[in-house]
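Report on the following structure.
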Amino acid sequence: MHIVVLPGDGIGPEITAATTGVLRVASERFQLNLRLEEHPIGHASLKQFGATVQPGLLDVVRAADGLILGPTATFDFKDEARGEINPSRYFRKSLDLFANVRPARTYAGRPGRLGDFDLVVVRENTEGFYADRNMEQGNGEMLVTPDVVISLRRITRSCCERIAHAACRLAMKRRKHLTIVHKANVLKIGDGMFLAICREAARAYPGLEVDDVLVDAMMAHVVRNPDRFDVVVATNMFGDILSDLTAELSGSLGLGGSLNVGDRHAMAQAAHGSAPDIAGQDVANPVSLIQSTALLLAWHGEKSGAVRYEEAASAIEGAVAKAIAEGRATRDVGGRLGTIAAGAAIAEILQAK
Ligand code: ATP
């Protein structure tokens, strides 16, 4: 399996180094024959090539079997004409990675703030309220006068259908429970359509239990009783916000892994940002990117029919759980290790099995 690795900004290089350490062990133990090809992205690429995403990189990624994107300094990148492309948006849009799968779970030895739970937020990734990706040309956020801004939210039938089916398929492999999160009482047309399409799609999956919750009420429900949820499907921005909350409820934002999936490509990416406040200090939790990479391996295994990739993914998840249970983890989840040592602990557990 050929994987392109883009370390990114802030804590990106640190958590990426910890992740590739785990991947190398997984490759050896499960004979994955991983080939990791690293390229600069974000500020490092801007400095070297005059663009945050260097010319030709998309072709390299398209030819590979998967992509790992470390967090990038999205907030710094404002002017595309000066090469300041948002790498996350660029790959999601260019590769049509329409589903953002964000699991959140608690771990033995590190109970959640609100009891144990295990859920997955499936977030639409290509349209919605994200002004930088919901237009064919230009930007969906407009300065009408110096004091008036209009931000467009785009919802399309085809995008609702494909995210609904992705969520239903995942729910069928889990506890067969789908929750649709929306704001159809106010956004009656857009979220009304999203809700109706999700409910319609779910009818094709026998035994799938479906409910729906207003996004504001969801904040209360998920804090009060997170274990009532299995797979949660949401439009882009609601899913983005909700999944940061569920990651934090699971113990730390640094546990939040995610996979961006399309029909042909997938990109592993931590759910959090580049965390400049803790960058370069060897304190960031690498689990977010390690778990994201496990999701990438599982996706590749399912797509190619090579079971050993799915076995490797489960083994990595098991090693992460064991490391956290033993307290061999970073400070945000109650341990005392640095980023590199926490990654090495997971790699060591993985190797020992
Ligand atoms: P960006 O502008 O790139 O989104 P940010 O700091 O605004 O960066 P996040 O990177 O998501 O947003 O960080 C939010 C908070 O969570 C910060 O206090 C950060 O230190 C913490 N955090 C994020 N990722 C991790 C991690 N992997 N381990 C520990 N703490 C983290």
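Within each chain, counting starts at residue 1; across the structure tokens, chains are named A, B, ... in the order shown, with ligands numbered 1 upward in that order.
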
Would you give me, as a CSV table (one decimal) with C-alpha atoms, in the first residue's frame, the residues in region 127-191 of chain A that DSSP reads as helix (DSSP H, G or I)?
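This is the output file part02.csv:
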chain,number,residue,atom,x,y,z
A,157,ARG,CA,-30.0,16.1,-3.1
A,158,SER,CA,-27.1,14.0,-4.4
A,159,CYS,CA,-24.8,15.0,-1.6
A,160,CYS,CA,-27.6,14.3,1.0
A,161,GLU,CA,-28.2,10.9,-0.6
A,162,ARG,CA,-24.6,9.8,-0.6
A,163,ILE,CA,-23.9,10.8,2.9
A,164,ALA,CA,-27.1,9.2,4.1
A,165,HIS,CA,-26.2,5.9,2.5
A,166,ALA,CA,-22.6,6.1,3.9
A,167,ALA,CA,-24.0,6.6,7.4
A,168,CYS,CA,-26.6,3.8,7.0
A,169,ARG,CA,-23.9,1.3,5.7
A,170,LEU,CA,-21.7,2.1,8.7
A,171,ALA,CA,-24.6,1.8,11.2
A,172,MET,CA,-25.5,-1.6,9.7
A,173,LYS,CA,-21.9,-2.8,10.6
A,190,GLY,CA,-32.4,22.7,3.2
A,191,ASP,CA,-32.5,20.7,6.4

Quick one: residues within 12 Å of Thr19 (chain A), only C-alpha atoms counted, chain neighbours fewer than 6 positions away excluded, as a PyMOL selection string? chain A and resi 5-7+12-13+25-26+36+68-70+257+268-270+285-294+316+320+339-347

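Neighbouring residues of ligand 1 at a cut-off of 7 Å, counting only C-alpha atoms and all ligand atoms, are Pro71, Thr72, Ala73, Thr74, Phe75, Ser252, Leu253, Gly254, Leu255, His272, Gly273, Ser274, Ala275, Pro276, Asp277, Ile278, Val283, Ala284, Asn285, Pro286, Ser288 and Asp332 of chain A.
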
Using only C-alpha atoms, pick whichever of A:Ile155, A:Gly10, A:Met1, A:Val222 has the shortest atom-to-atom distance to Ala279 (chain A).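 The answer is A:Gly10, which sits nearest to Ala279 (chain A).
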
Measuring atom to atom with only C-alpha atoms, identify which of A:Gly239, A:Leu97, A:Gly56, A:Lys47 is nearest to Arg82 (chain A).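 Using only C-alpha atoms, Arg82 (chain A) sits closest to A:Lys47.
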
With DSSP run on the backbone, what are the strand (DSSP E or B) residues within region 164-215 of chain A? I'd like them as a list in words. His177, Leu178, Thr179, Ile180, Val181, His182, Glu209, Val210, Asp211, Asp212, Val213 and Leu214 of chain A

Which residues of region 161-195 of chain A sit at most 7 Å from region 214-219 of chain A, using only C-alpha atoms? Give each one's shortest atom pair and distance in Å (one decimal place), in chain and ascending residue order, as CSV.
residue,atom,partner,partner_atom,distance
A:Val181,CA,A:Val215,CA,5.5
A:His182,CA,A:Leu214,CA,5.1
A:Lys183,CA,A:Leu214,CA,5.3

I want to know what sits within 7 Å of region 123-134 of chain A, based on only C-alpha atoms, with residues of the same chain fewer than 4 positions away left out; could you give that as an mmCIF file with all heavy atoms, in the first residue's frame?
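Output file selection.cif follows:
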data_model
loop_
_atom_site.group_PDB
_atom_site.id
_atom_site.type_symbol
_atom_site.label_atom_id
_atom_site.label_comp_id
_atom_site.auth_asym_id
_atom_site.auth_seq_id
_atom_site.Cartn_x
_atom_site.Cartn_y
_atom_site.Cartn_z
ATOM 1 N N ARG A 89 -9.290 21.628 2.640
ATOM 2 C CA ARG A 89 -10.366 21.877 1.679
ATOM 3 C C ARG A 89 -9.968 21.391 0.287
ATOM 4 O O ARG A 89 -10.746 20.778 -0.435
ATOM 5 C CB ARG A 89 -10.673 23.380 1.648
ATOM 6 C CG ARG A 89 -11.929 23.750 0.934
ATOM 7 C CD ARG A 89 -11.792 24.510 -0.381
ATOM 8 N NE ARG A 89 -10.614 25.298 -0.567
ATOM 9 C CZ ARG A 89 -9.942 25.350 -1.719
ATOM 10 N NH1 ARG A 89 -10.320 24.643 -2.744
ATOM 11 N NH2 ARG A 89 -8.873 26.108 -1.830
ATOM 12 N N LYS A 93 -12.071 18.507 -1.623
ATOM 13 C CA LYS A 93 -12.830 18.886 -2.817
ATOM 14 C C LYS A 93 -12.266 18.198 -4.074
ATOM 15 O O LYS A 93 -13.016 17.630 -4.860
ATOM 16 C CB LYS A 93 -12.808 20.414 -2.977
ATOM 17 C CG LYS A 93 -13.849 20.895 -3.955
ATOM 18 C CD LYS A 93 -14.115 22.378 -3.849
ATOM 19 C CE LYS A 93 -15.091 22.770 -4.968
ATOM 20 N NZ LYS A 93 -15.477 24.156 -4.938
ATOM 21 N N LEU A 97 -14.017 13.844 -1.424
ATOM 22 C CA LEU A 97 -14.083 13.043 -0.189
ATOM 23 C C LEU A 97 -15.326 13.488 0.586
ATOM 24 O O LEU A 97 -15.248 14.334 1.472
ATOM 25 C CB LEU A 97 -12.811 13.257 0.631
ATOM 26 C CG LEU A 97 -11.502 12.980 -0.127
ATOM 27 C CD1 LEU A 97 -10.291 13.332 0.727
ATOM 28 C CD2 LEU A 97 -11.427 11.517 -0.586
ATOM 29 N N PHE A 98 -16.454 12.924 0.239
ATOM 30 C CA PHE A 98 -17.729 13.490 0.685
ATOM 31 C C PHE A 98 -18.135 13.101 2.101
ATOM 32 O O PHE A 98 -18.981 13.749 2.702
ATOM 33 C CB PHE A 98 -18.841 13.138 -0.304
ATOM 34 C CG PHE A 98 -19.112 11.658 -0.441
ATOM 35 C CD1 PHE A 98 -19.965 11.007 0.437
ATOM 36 C CD2 PHE A 98 -18.530 10.923 -1.460
ATOM 37 C CE1 PHE A 98 -20.227 9.661 0.309
ATOM 38 C CE2 PHE A 98 -18.780 9.570 -1.599
ATOM 39 C CZ PHE A 98 -19.634 8.935 -0.713
ATOM 40 N N ALA A 99 -17.541 12.045 2.634
ATOM 41 C CA ALA A 99 -17.935 11.610 3.982
ATOM 42 C C ALA A 99 -16.780 11.794 4.963
ATOM 43 O O ALA A 99 -15.677 11.313 4.712
ATOM 44 C CB ALA A 99 -18.365 10.149 3.967
ATOM 45 N N ASN A 100 -17.022 12.502 6.030
ATOM 46 C CA ASN A 100 -16.021 12.648 7.086
ATOM 47 C C ASN A 100 -16.479 11.809 8.281
ATOM 48 O O ASN A 100 -17.462 12.140 8.941
ATOM 49 C CB ASN A 100 -15.886 14.129 7.452
ATOM 50 C CG ASN A 100 -14.728 14.409 8.389
ATOM 51 O OD1 ASN A 100 -14.693 15.428 9.058
ATOM 52 N ND2 ASN A 100 -13.779 13.514 8.457
ATOM 53 N N VAL A 101 -15.771 10.710 8.471
ATOM 54 C CA VAL A 101 -16.159 9.734 9.498
ATOM 55 C C VAL A 101 -15.340 10.011 10.752
ATOM 56 O O VAL A 101 -14.109 9.934 10.714
ATOM 57 C CB VAL A 101 -15.891 8.300 8.969
ATOM 58 C CG1 VAL A 101 -16.232 7.257 10.019
ATOM 59 C CG2 VAL A 101 -16.676 8.061 7.685
ATOM 60 N N ASN A 139 -16.310 32.465 -4.021
ATOM 61 C CA ASN A 139 -16.499 32.098 -2.626
ATOM 62 C C ASN A 139 -17.935 32.411 -2.202
ATOM 63 O O ASN A 139 -18.487 33.433 -2.597
ATOM 64 C CB ASN A 139 -15.498 32.906 -1.782
ATOM 65 C CG ASN A 139 -15.384 32.383 -0.375
ATOM 66 O OD1 ASN A 139 -16.335 32.458 0.396
ATOM 67 N ND2 ASN A 139 -14.235 31.835 -0.041
ATOM 68 N N GLY A 140 -18.503 31.540 -1.407
ATOM 69 C CA GLY A 140 -19.892 31.700 -0.997
ATOM 70 C C GLY A 140 -20.101 32.700 0.122
ATOM 71 O O GLY A 140 -21.201 32.831 0.658
ATOM 72 N N GLU A 141 -19.038 33.392 0.500
ATOM 73 C CA GLU A 141 -19.188 34.415 1.530
ATOM 74 C C GLU A 141 -18.904 35.770 0.885
ATOM 75 O O GLU A 141 -17.842 35.994 0.309
ATOM 76 C CB GLU A 141 -18.212 34.162 2.679
ATOM 77 C CG GLU A 141 -18.623 34.912 3.926
ATOM 78 C CD GLU A 141 -17.920 34.402 5.167
ATOM 79 O OE1 GLU A 141 -16.709 34.167 5.116
ATOM 80 O OE2 GLU A 141 -18.597 34.262 6.192
ATOM 81 N N SER A 151 -23.441 34.813 3.782
ATOM 82 C CA SER A 151 -22.743 33.524 3.666
ATOM 83 C C SER A 151 -23.739 32.494 3.157
ATOM 84 O O SER A 151 -24.792 32.303 3.773
ATOM 85 C CB SER A 151 -22.205 33.080 5.020
ATOM 86 O OG SER A 151 -21.402 34.088 5.592
ATOM 87 N N LEU A 152 -23.396 31.841 2.058
ATOM 88 C CA LEU A 152 -24.327 30.887 1.455
ATOM 89 C C LEU A 152 -24.129 29.483 2.021
ATOM 90 O O LEU A 152 -23.003 29.054 2.263
ATOM 91 C CB LEU A 152 -24.119 30.828 -0.053
ATOM 92 C CG LEU A 152 -24.491 32.077 -0.856
ATOM 93 C CD1 LEU A 152 -24.190 31.837 -2.329
ATOM 94 C CD2 LEU A 152 -25.955 32.428 -0.664
ATOM 95 N N ARG A 153 -25.231 28.789 2.177
ATOM 96 C CA ARG A 153 -25.174 27.382 2.598
ATOM 97 C C ARG A 153 -25.806 26.567 1.482
ATOM 98 O O ARG A 153 -26.947 26.816 1.105
ATOM 99 C CB ARG A 153 -25.956 27.223 3.895
ATOM 100 C CG ARG A 153 -26.064 25.804 4.423
ATOM 101 C CD ARG A 153 -26.734 25.878 5.792
ATOM 102 N NE ARG A 153 -26.838 24.595 6.426
ATOM 103 C CZ ARG A 153 -27.933 23.829 6.371
ATOM 104 N NH1 ARG A 153 -28.995 24.227 5.708
ATOM 105 N NH2 ARG A 153 -27.959 22.670 7.001
ATOM 106 N N ARG A 154 -25.065 25.621 0.943
ATOM 107 C CA ARG A 154 -25.573 24.842 -0.183
ATOM 108 C C ARG A 154 -25.893 23.418 0.267
ATOM 109 O O ARG A 154 -25.068 22.758 0.900
ATOM 110 C CB ARG A 154 -24.526 24.790 -1.306
ATOM 111 C CG ARG A 154 -25.074 24.183 -2.580
ATOM 112 C CD ARG A 154 -24.022 24.101 -3.649
ATOM 113 N NE ARG A 154 -23.068 23.046 -3.361
ATOM 114 C CZ ARG A 154 -22.225 22.528 -4.245
ATOM 115 N NH1 ARG A 154 -22.187 23.012 -5.460
ATOM 116 N NH2 ARG A 154 -21.388 21.577 -3.907
ATOM 117 N N ILE A 155 -27.095 22.960 -0.059
ATOM 118 C CA ILE A 155 -27.507 21.579 0.241
ATOM 119 C C ILE A 155 -28.036 20.980 -1.063
ATOM 120 O O ILE A 155 -28.930 21.560 -1.685
ATOM 121 C CB ILE A 155 -28.642 21.553 1.302
ATOM 122 C CG1 ILE A 155 -28.211 22.244 2.610
ATOM 123 C CG2 ILE A 155 -29.116 20.122 1.571
ATOM 124 C CD1 ILE A 155 -27.143 21.526 3.409
ATOM 125 N N ILE A 163 -24.273 10.859 1.518
ATOM 126 C CA ILE A 163 -23.851 10.846 2.929
ATOM 127 C C ILE A 163 -24.821 9.991 3.755
ATOM 128 O O ILE A 163 -24.411 9.281 4.678
ATOM 129 C CB ILE A 163 -23.702 12.279 3.511
ATOM 130 C CG1 ILE A 163 -22.881 12.255 4.801
ATOM 131 C CG2 ILE A 163 -25.038 12.954 3.782
ATOM 132 C CD1 ILE A 163 -21.451 11.911 4.617
ATOM 133 N N VAL A 233 -25.569 11.199 11.733
ATOM 134 C CA VAL A 233 -25.287 11.822 10.434
ATOM 135 C C VAL A 233 -25.708 13.291 10.490
ATOM 136 O O VAL A 233 -26.748 13.623 11.080
ATOM 137 C CB VAL A 233 -25.979 11.049 9.274
ATOM 138 C CG1 VAL A 233 -27.500 11.108 9.352
ATOM 139 C CG2 VAL A 233 -25.494 11.556 7.914
ATOM 140 N N ALA A 234 -24.859 14.156 9.913
ATOM 141 C CA ALA A 234 -25.132 15.592 9.993
ATOM 142 C C ALA A 234 -24.572 16.304 8.769
ATOM 143 O O ALA A 234 -23.656 15.803 8.113
ATOM 144 C CB ALA A 234 -24.504 16.177 11.262
ATOM 145 N N THR A 235 -25.129 17.480 8.498
ATOM 146 C CA THR A 235 -24.570 18.326 7.443
ATOM 147 C C THR A 235 -23.209 18.850 7.924
ATOM 148 O O THR A 235 -22.834 18.695 9.091
ATOM 149 C CB THR A 235 -25.514 19.491 7.117
ATOM 150 O OG1 THR A 235 -25.876 20.129 8.335
ATOM 151 C CG2 THR A 235 -26.760 19.008 6.380
ATOM 152 N N ASN A 236 -22.514 19.515 7.026
ATOM 153 C CA ASN A 236 -21.101 19.827 7.220
ATOM 154 C C ASN A 236 -20.773 20.558 8.536
ATOM 155 O O ASN A 236 -20.043 20.043 9.387
ATOM 156 C CB ASN A 236 -20.647 20.643 5.999
ATOM 157 C CG ASN A 236 -19.146 20.628 5.822
ATOM 158 O OD1 ASN A 236 -18.415 20.350 6.742
ATOM 159 N ND2 ASN A 236 -18.692 20.937 4.626
ATOM 160 N N MET A 237 -21.307 21.737 8.721
ATOM 161 C CA MET A 237 -20.873 22.508 9.901
ATOM 162 C C MET A 237 -21.401 21.925 11.218
ATOM 163 O O MET A 237 -20.677 21.874 12.213
ATOM 164 C CB MET A 237 -21.284 23.971 9.774
ATOM 165 C CG MET A 237 -20.647 24.821 10.864
ATOM 166 S SD MET A 237 -20.922 26.561 10.651
ATOM 167 C CE MET A 237 -19.691 26.990 9.437
ATOM 168 N N GLY A 239 -21.931 18.844 11.826
ATOM 169 C CA GLY A 239 -21.122 17.654 12.095
ATOM 170 C C GLY A 239 -19.727 18.014 12.581
ATOM 171 O O GLY A 239 -19.155 17.325 13.424
ATOM 172 N N ASP A 240 -19.197 19.099 12.049
ATOM 173 C CA ASP A 240 -17.857 19.551 12.443
ATOM 174 C C ASP A 240 -17.855 19.938 13.922
ATOM 175 O O ASP A 240 -17.008 19.496 14.710
ATOM 176 C CB ASP A 240 -17.491 20.759 11.563
ATOM 177 C CG ASP A 240 -16.032 21.152 11.707
ATOM 178 O OD1 ASP A 240 -15.251 20.360 12.235
ATOM 179 O OD2 ASP A 240 -15.691 22.270 11.283
#
